[in-house]
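One structure is given below, encoded as structure tokens.
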Amino acid sequence: MTFTPANADHAVPPAVVKLRPEILATPPYRQGKPAGDDAFKLSSNENPYPPLPGVIEAVVAAGAFNRYPDASASALRQVLAEKHDVTPDELHIGSGSVALLSQFITAAAGPGDSVVYAWRSFEAYPGLVTVAGAESVQVPNRADGSHNLDAMAAAIDERTRVVIVCTPNNPTSTIVTAADFSDFMAKVPSDVLVLLDEAYAEFVTHPDAVNGLTLTGRYSNLVVLRTFSKAYGLAGLRVGWALGPIAILDAARATAIPLSVTQPAQSAAIASLAVETELLERVSRLAALRDSIRSSMIEQGWTIPDAQGNFVWLATGEETLEANETFLRHGIVARAFAGSGIRISIGEDESVEKLLRASADVVASLPAGHSARRLG
């Protein structure tokens with residue numbers, strides 16, 4: 001028997017639901033493109049290594065999926081508190097650092113307010129600000145892809161509620177130094193929230209880089225964001241954490257979607273923290289491979305910023321889409337930002353040969369005098 005709806009003879013009326021125009025005008029976040037069987041996915045800054053020892057076992061042991069997780073992630077906060085010599089109340093757990101960014105922006109900024117950040121930087125920032133109802137104030141990076149902190153400080157006005165500093169910066173892989181950050185904080189009004197986004201901090205080898213975990217208690221308006229997605233290799237489980245003043249964290253907690261950090265994710269994070277030796281060895285290998293790839297690319301003729309994340313940045317500008325097609329033909333799936341450049345994650349050892357063949361072809365095809373081309 002075929003079911004015929006009662007209104008089958010009537011046309012469905014067009015949608016008339018009123019949606020916020022600024023949301024309709026905001027492009028959704030686009031995930032890195034998947035790779036085929038004969039290609040390497042170097043588009044999402046994922047850790048190429050499998051989970052650390054004991055992590056899978058911890059996830060399986062937390063398999064009571066019919067039960068809600070601990071909403072406050074108290075066990076994970078306790079472990080982090082002991083590791084970093086703070087109280088559990090000074091820590092907040094979210095489903096990835098991007099969820100935490102959303103919570104803090106929403107807690108501090110709304111219609112009529114503004115959020116200052118460098119550009120280009122993490123591509124989720126504009127959407128998060130728009131969803132909160134606030135306005136983005138994007139401050140151009142320096143020529144080398146690093147933050148212009150002086151210009152960012154000058155962009156702060158009476159409407160500014162939040163400033164985001166991303167170090168290492170995604171996608172340019174550049175850092176903010178400790179000295180420059182200290183000078184910057186001296187210029188930021190104490191009632192403006194500063195979010196220090198350090199999603200890639202574990203990969204940093206530069207001795208002068210700022211480390212937000214050393215600034216505990218120094219600033220009443222600073223929150224430091226970290227994640228288990230990158231160095232710890234838990235991107236698929238979504239766990240991030242924030243360290244900062246309790247009152248600010250409480251405001252973020254009030255905006256959070258309840259029960260969004262699953263129990264398997266919390267257990268995996270705790271298990272990962274217990275094997276720091278293995279973690280640091282993996283991070284060291286990835287950082288060394290990053291430096292080797294960057295050096296090889298410079299020898300090919302590239303101009304590349306000093307890379308401190310688990311990725312390198314090629315400022316291909318107007319030639320970005322054409323360059324990306326070359327990488328794809330070589331079996332390298334990178335992250336292309338039209339009109340700006342290409343971000344390439346550090347992946348498996350087996351990907352390096354293909355990557356360097358592709359990058360050699362791309363740099364040779366750039367016009368003479370191109371800013372990303374060092375030679376010719």
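A note on labels: chains of the structure tokens are A, B, ... as shown, every chain counts residues from 1, and ligands are counted from 1 in their shown order.
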#### Entry: Polymer residues at most 9 Å from Arg374 in chain A, only C-alpha atoms, same-chain spacing of 6 or more positions, as JSON, numbers by chain
{"A": [298, 300, 301, 302, 303]}
Any chance you could export the current selection's N, CA, C and O atoms as a compact mmCIF listing (two decimals), in the first residue's frame?
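Listing of out14.txt after writing:
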```txt
# COMPACT_ATOMS: atom_id res chain seq x y z
N ILE A 298 63.10 25.93 1.78
CA ILE A 298 63.90 27.15 1.61
C ILE A 298 64.98 26.91 0.56
O ILE A 298 65.25 27.76 -0.29
N GLN A 300 64.72 25.00 -1.90
CA GLN A 300 64.04 24.99 -3.20
C GLN A 300 63.78 26.40 -3.72
O GLN A 300 63.50 26.57 -4.91
N GLY A 301 63.85 27.38 -2.84
CA GLY A 301 63.62 28.76 -3.26
C GLY A 301 62.46 29.45 -2.58
O GLY A 301 62.11 30.58 -2.92
N TRP A 302 61.86 28.81 -1.58
CA TRP A 302 60.73 29.40 -0.87
C TRP A 302 61.21 30.41 0.18
O TRP A 302 62.27 30.25 0.78
N THR A 303 60.36 31.40 0.45
CA THR A 303 60.46 32.24 1.65
C THR A 303 59.36 31.80 2.58
O THR A 303 58.17 31.89 2.24
```
### Spatial neighbours of Val261 in chain A, 8 Å, only C-alpha atoms, chain gap at least 2 places, as a PyMOL selection string
chain A and resi 69+71+73+93-95+238-239+259+263+265-266
Counting only C-alpha atoms, which residues of range 142-254 of chain A fall within 12 Å of range 81-88 of chain A, and what is the closest atom pair for each with its distance in Å at one decimal, ordered by chain and rising number, as a Markdown table?
```
| residue | atom | partner | partner_atom | distance |
| --- | --- | --- | --- | --- |
| A:Gly212 | CA | A:His84 | CA | 11.3 |
| A:Leu213 | CA | A:His84 | CA | 7.5 |
| A:Thr214 | CA | A:His84 | CA | 9.1 |
| A:Leu215 | CA | A:His84 | CA | 11.2 |
| A:Thr216 | CA | A:Val86 | CA | 8.1 |
| A:Gly217 | CA | A:Val86 | CA | 9.4 |
| A:Trp241 | CA | A:Ala81 | CA | 11.2 |
| A:Ala242 | CA | A:Pro88 | CA | 10.9 |
| A:Leu243 | CA | A:Val86 | CA | 8.8 |
| A:Gly244 | CA | A:Val86 | CA | 9.6 |
| A:Pro245 | CA | A:Thr87 | CA | 10.4 |
| A:Ile246 | CA | A:Pro88 | CA | 9.5 |
| A:Leu249 | CA | A:Pro88 | CA | 11.1 |
```
Export N, CA and C atoms of the chosen residues as a CSV table (one decimal), in the first residue's frame?
```csv
chain,number,residue,atom,x,y,z
A,212,GLY,N,51.8,30.7,28.1
A,212,GLY,CA,50.8,31.2,28.9
A,212,GLY,C,50.7,30.5,30.3
A,213,LEU,N,51.2,29.3,30.4
A,213,LEU,CA,51.1,28.5,31.7
A,213,LEU,C,52.1,29.1,32.7
A,214,THR,N,53.0,30.0,32.3
A,214,THR,CA,53.9,30.6,33.2
A,214,THR,C,53.3,31.9,33.7
A,215,LEU,N,52.2,32.3,33.2
A,215,LEU,CA,51.6,33.6,33.6
A,215,LEU,C,50.5,33.5,34.6
A,216,THR,N,50.3,32.4,35.2
A,216,THR,CA,49.2,32.1,36.1
A,216,THR,C,49.2,33.2,37.2
A,217,GLY,N,48.1,33.8,37.4
A,217,GLY,CA,47.9,34.8,38.5
A,217,GLY,C,48.5,36.2,38.2
A,241,TRP,N,41.1,22.8,27.2
A,241,TRP,CA,41.0,23.3,28.5
A,241,TRP,C,41.5,24.7,28.6
A,242,ALA,N,41.0,25.4,29.6
A,242,ALA,CA,41.3,26.8,29.8
A,242,ALA,C,41.8,27.0,31.2
A,243,LEU,N,42.7,27.9,31.3
A,243,LEU,CA,43.3,28.3,32.6
A,243,LEU,C,43.1,29.8,32.8
A,244,GLY,N,42.5,30.2,33.9
A,244,GLY,CA,42.4,31.6,34.1
A,244,GLY,C,41.7,31.9,35.4
A,245,PRO,N,41.3,33.2,35.6
A,245,PRO,CA,40.6,33.6,36.8
A,245,PRO,C,39.2,33.0,37.0
A,246,ILE,N,38.9,32.6,38.2
A,246,ILE,CA,37.7,31.8,38.4
A,246,ILE,C,36.4,32.5,37.9
A,249,LEU,N,36.1,32.2,34.2
A,249,LEU,CA,35.7,30.8,33.8
A,249,LEU,C,34.3,30.5,34.2
```
### Query
Within 10 Å of Asp208 in chain A, counting only C-alpha atoms, which residues qualify if same-chain residues fewer than 6 places away don't, as an MDAnalysis selection string?
chainID A and resid 175:180
Atoms kept (C-alpha atoms) for selection, written as a compact mmCIF listing (two decimals), in the first residue's frame:
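What follows is the written file result_26.txt:
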```txt
# COMPACT_ATOMS: atom_id res chain seq x y z
CA ILE A 175 54.92 32.94 17.50
CA VAL A 176 54.48 35.83 19.91
CA THR A 177 57.50 36.30 22.15
CA ALA A 178 57.23 36.54 25.92
CA ALA A 179 58.66 40.06 25.89
CA ASP A 180 56.26 41.28 23.21
```
### Task
Within range 171-372 of chain A, find each residue whose DSSP state, derived from the backbone, is strand (DSSP E), and express the selection as number ranges by chain.
A: 193-197, 222-227, 240-243, 311-314, 332-333, 335-337, 341-345
Any chance you could export the current selection's C-alpha atoms as a PDB file, in the first residue's frame?
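Below you can see part-v2.pdb, which holds the result:
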```
ATOM      1  CA  LEU A 193      39.389  39.916  28.180  1.00  0.00           C
ATOM      2  CA  VAL A 194      42.534  38.559  26.515  1.00  0.00           C
ATOM      3  CA  LEU A 195      42.357  35.005  25.156  1.00  0.00           C
ATOM      4  CA  LEU A 196      45.795  33.484  24.571  1.00  0.00           C
ATOM      5  CA  ASP A 197      45.081  30.687  22.096  1.00  0.00           C
ATOM      6  CA  LEU A 222      43.958  36.714  30.837  1.00  0.00           C
ATOM      7  CA  VAL A 223      42.677  33.239  29.941  1.00  0.00           C
ATOM      8  CA  VAL A 224      45.005  30.658  28.381  1.00  0.00           C
ATOM      9  CA  LEU A 225      43.542  28.059  26.021  1.00  0.00           C
ATOM     10  CA  ARG A 226      45.084  24.638  25.344  1.00  0.00           C
ATOM     11  CA  THR A 227      43.863  21.469  23.641  1.00  0.00           C
ATOM     12  CA  GLY A 240      40.217  21.416  25.317  1.00  0.00           C
ATOM     13  CA  TRP A 241      40.986  23.269  28.524  1.00  0.00           C
ATOM     14  CA  ALA A 242      41.270  26.807  29.778  1.00  0.00           C
ATOM     15  CA  LEU A 243      43.280  28.277  32.631  1.00  0.00           C
ATOM     16  CA  PHE A 311      52.572  22.989  10.055  1.00  0.00           C
ATOM     17  CA  VAL A 312      54.284  25.331   7.603  1.00  0.00           C
ATOM     18  CA  TRP A 313      52.844  28.282   5.687  1.00  0.00           C
ATOM     19  CA  LEU A 314      53.363  29.078   2.019  1.00  0.00           C
ATOM     20  CA  ILE A 332      49.164  16.129  -1.221  1.00  0.00           C
ATOM     21  CA  VAL A 333      45.926  17.445   0.289  1.00  0.00           C
ATOM     22  CA  ARG A 335      44.676  23.613   3.274  1.00  0.00           C
ATOM     23  CA  ALA A 336      44.328  26.418   0.753  1.00  0.00           C
ATOM     24  CA  PHE A 337      43.149  29.905   1.711  1.00  0.00           C
ATOM     25  CA  GLY A 341      48.374  30.960   1.033  1.00  0.00           C
ATOM     26  CA  ILE A 342      48.575  27.257   1.758  1.00  0.00           C
ATOM     27  CA  ARG A 343      48.982  25.608   5.156  1.00  0.00           C
ATOM     28  CA  ILE A 344      50.645  22.201   5.146  1.00  0.00           C
ATOM     29  CA  SER A 345      50.521  19.964   8.205  1.00  0.00           C
TER      30      SER A 345
END
```
Looking only at the backbone, which of the residues in range 162-308 of chain A does DSSP tag as helix (DSSP H, G or I), as a PDB file with C-alpha atoms, in the first residue's frame?
```
ATOM      1  CA  ALA A 178      57.227  36.542  25.921  1.00  0.00           C
ATOM      2  CA  ALA A 179      58.659  40.063  25.886  1.00  0.00           C
ATOM      3  CA  ASP A 180      56.262  41.285  23.212  1.00  0.00           C
ATOM      4  CA  PHE A 181      53.296  39.739  24.992  1.00  0.00           C
ATOM      5  CA  SER A 182      54.264  41.407  28.263  1.00  0.00           C
ATOM      6  CA  ASP A 183      54.493  44.776  26.509  1.00  0.00           C
ATOM      7  CA  PHE A 184      51.128  44.124  24.844  1.00  0.00           C
ATOM      8  CA  MET A 185      49.363  43.253  28.103  1.00  0.00           C
ATOM      9  CA  ALA A 186      50.631  46.524  29.618  1.00  0.00           C
ATOM     10  CA  LYS A 187      48.667  48.360  26.911  1.00  0.00           C
ATOM     11  CA  ALA A 201      52.134  25.285  22.180  1.00  0.00           C
ATOM     12  CA  GLU A 202      53.682  21.852  22.666  1.00  0.00           C
ATOM     13  CA  PHE A 203      55.392  22.055  19.261  1.00  0.00           C
ATOM     14  CA  GLY A 212      50.775  31.165  28.948  1.00  0.00           C
ATOM     15  CA  LEU A 213      51.122  28.534  31.655  1.00  0.00           C
ATOM     16  CA  THR A 214      53.899  30.605  33.238  1.00  0.00           C
ATOM     17  CA  ILE A 246      37.686  31.798  38.387  1.00  0.00           C
ATOM     18  CA  ALA A 247      35.114  34.560  37.783  1.00  0.00           C
ATOM     19  CA  ILE A 248      35.838  34.589  34.052  1.00  0.00           C
ATOM     20  CA  LEU A 249      35.745  30.798  33.846  1.00  0.00           C
ATOM     21  CA  ASP A 250      32.415  30.764  35.667  1.00  0.00           C
ATOM     22  CA  ALA A 251      30.992  33.144  33.078  1.00  0.00           C
ATOM     23  CA  ALA A 252      32.157  30.832  30.289  1.00  0.00           C
ATOM     24  CA  ARG A 253      30.699  27.819  32.104  1.00  0.00           C
ATOM     25  CA  ALA A 254      27.341  29.606  32.118  1.00  0.00           C
ATOM     26  CA  THR A 255      27.377  29.780  28.309  1.00  0.00           C
ATOM     27  CA  GLN A 263      33.298  10.569  29.489  1.00  0.00           C
ATOM     28  CA  PRO A 264      35.464   8.657  26.958  1.00  0.00           C
ATOM     29  CA  ALA A 265      37.055  11.982  25.999  1.00  0.00           C
ATOM     30  CA  GLN A 266      37.754  12.873  29.624  1.00  0.00           C
ATOM     31  CA  SER A 267      39.231   9.427  30.293  1.00  0.00           C
ATOM     32  CA  ALA A 268      41.400   9.621  27.182  1.00  0.00           C
ATOM     33  CA  ALA A 269      42.773  13.003  28.254  1.00  0.00           C
ATOM     34  CA  ILE A 270      43.657  11.703  31.721  1.00  0.00           C
ATOM     35  CA  ALA A 271      45.356   8.645  30.223  1.00  0.00           C
ATOM     36  CA  SER A 272      47.315  10.862  27.824  1.00  0.00           C
ATOM     37  CA  LEU A 273      48.580  13.052  30.656  1.00  0.00           C
ATOM     38  CA  GLU A 276      54.170  12.493  29.057  1.00  0.00           C
ATOM     39  CA  THR A 277      57.512  10.892  28.162  1.00  0.00           C
ATOM     40  CA  GLU A 278      56.038   9.251  25.067  1.00  0.00           C
ATOM     41  CA  LEU A 279      54.182  12.448  24.230  1.00  0.00           C
ATOM     42  CA  LEU A 280      57.288  14.625  24.332  1.00  0.00           C
ATOM     43  CA  GLU A 281      59.212  12.117  22.193  1.00  0.00           C
ATOM     44  CA  ARG A 282      56.514  12.267  19.501  1.00  0.00           C
ATOM     45  CA  VAL A 283      56.314  16.038  19.642  1.00  0.00           C
ATOM     46  CA  SER A 284      60.088  16.274  19.331  1.00  0.00           C
ATOM     47  CA  ARG A 285      60.045  14.057  16.236  1.00  0.00           C
ATOM     48  CA  LEU A 286      57.304  16.128  14.602  1.00  0.00           C
ATOM     49  CA  ALA A 287      59.081  19.397  15.380  1.00  0.00           C
ATOM     50  CA  ALA A 288      62.328  18.050  13.923  1.00  0.00           C
ATOM     51  CA  LEU A 289      60.514  16.891  10.786  1.00  0.00           C
ATOM     52  CA  ARG A 290      58.850  20.315  10.509  1.00  0.00           C
ATOM     53  CA  ASP A 291      62.229  22.033  10.650  1.00  0.00           C
ATOM     54  CA  SER A 292      63.686  19.627   8.094  1.00  0.00           C
ATOM     55  CA  ILE A 293      60.797  20.167   5.664  1.00  0.00           C
ATOM     56  CA  ARG A 294      61.023  23.939   6.053  1.00  0.00           C
ATOM     57  CA  SER A 295      64.786  23.875   5.423  1.00  0.00           C
ATOM     58  CA  SER A 296      64.314  21.760   2.299  1.00  0.00           C
ATOM     59  CA  MET A 297      61.652  24.141   1.012  1.00  0.00           C
ATOM     60  CA  ILE A 298      63.899  27.145   1.614  1.00  0.00           C
ATOM     61  CA  GLU A 299      66.604  25.394  -0.406  1.00  0.00           C
ATOM     62  CA  GLN A 300      64.044  24.988  -3.196  1.00  0.00           C
TER      63      GLN A 300
END
```
### Task
Mind checking which residues fall within 10 Å of Thr106 in chain A, counting only C-alpha atoms, ignoring those fewer than 5 positions away in the same chain, and posting them as an NGL selection string?
:A and (100-101 or 128-134 or 162 or 251-252 or 254-256)
### Message
Just checking: using only C-alpha atoms, which residue out of A:Glu198, A:Glu22, A:Asp38, A:Glu353 ends up closest to Glu135 in chain A?
### Response
A:Glu22
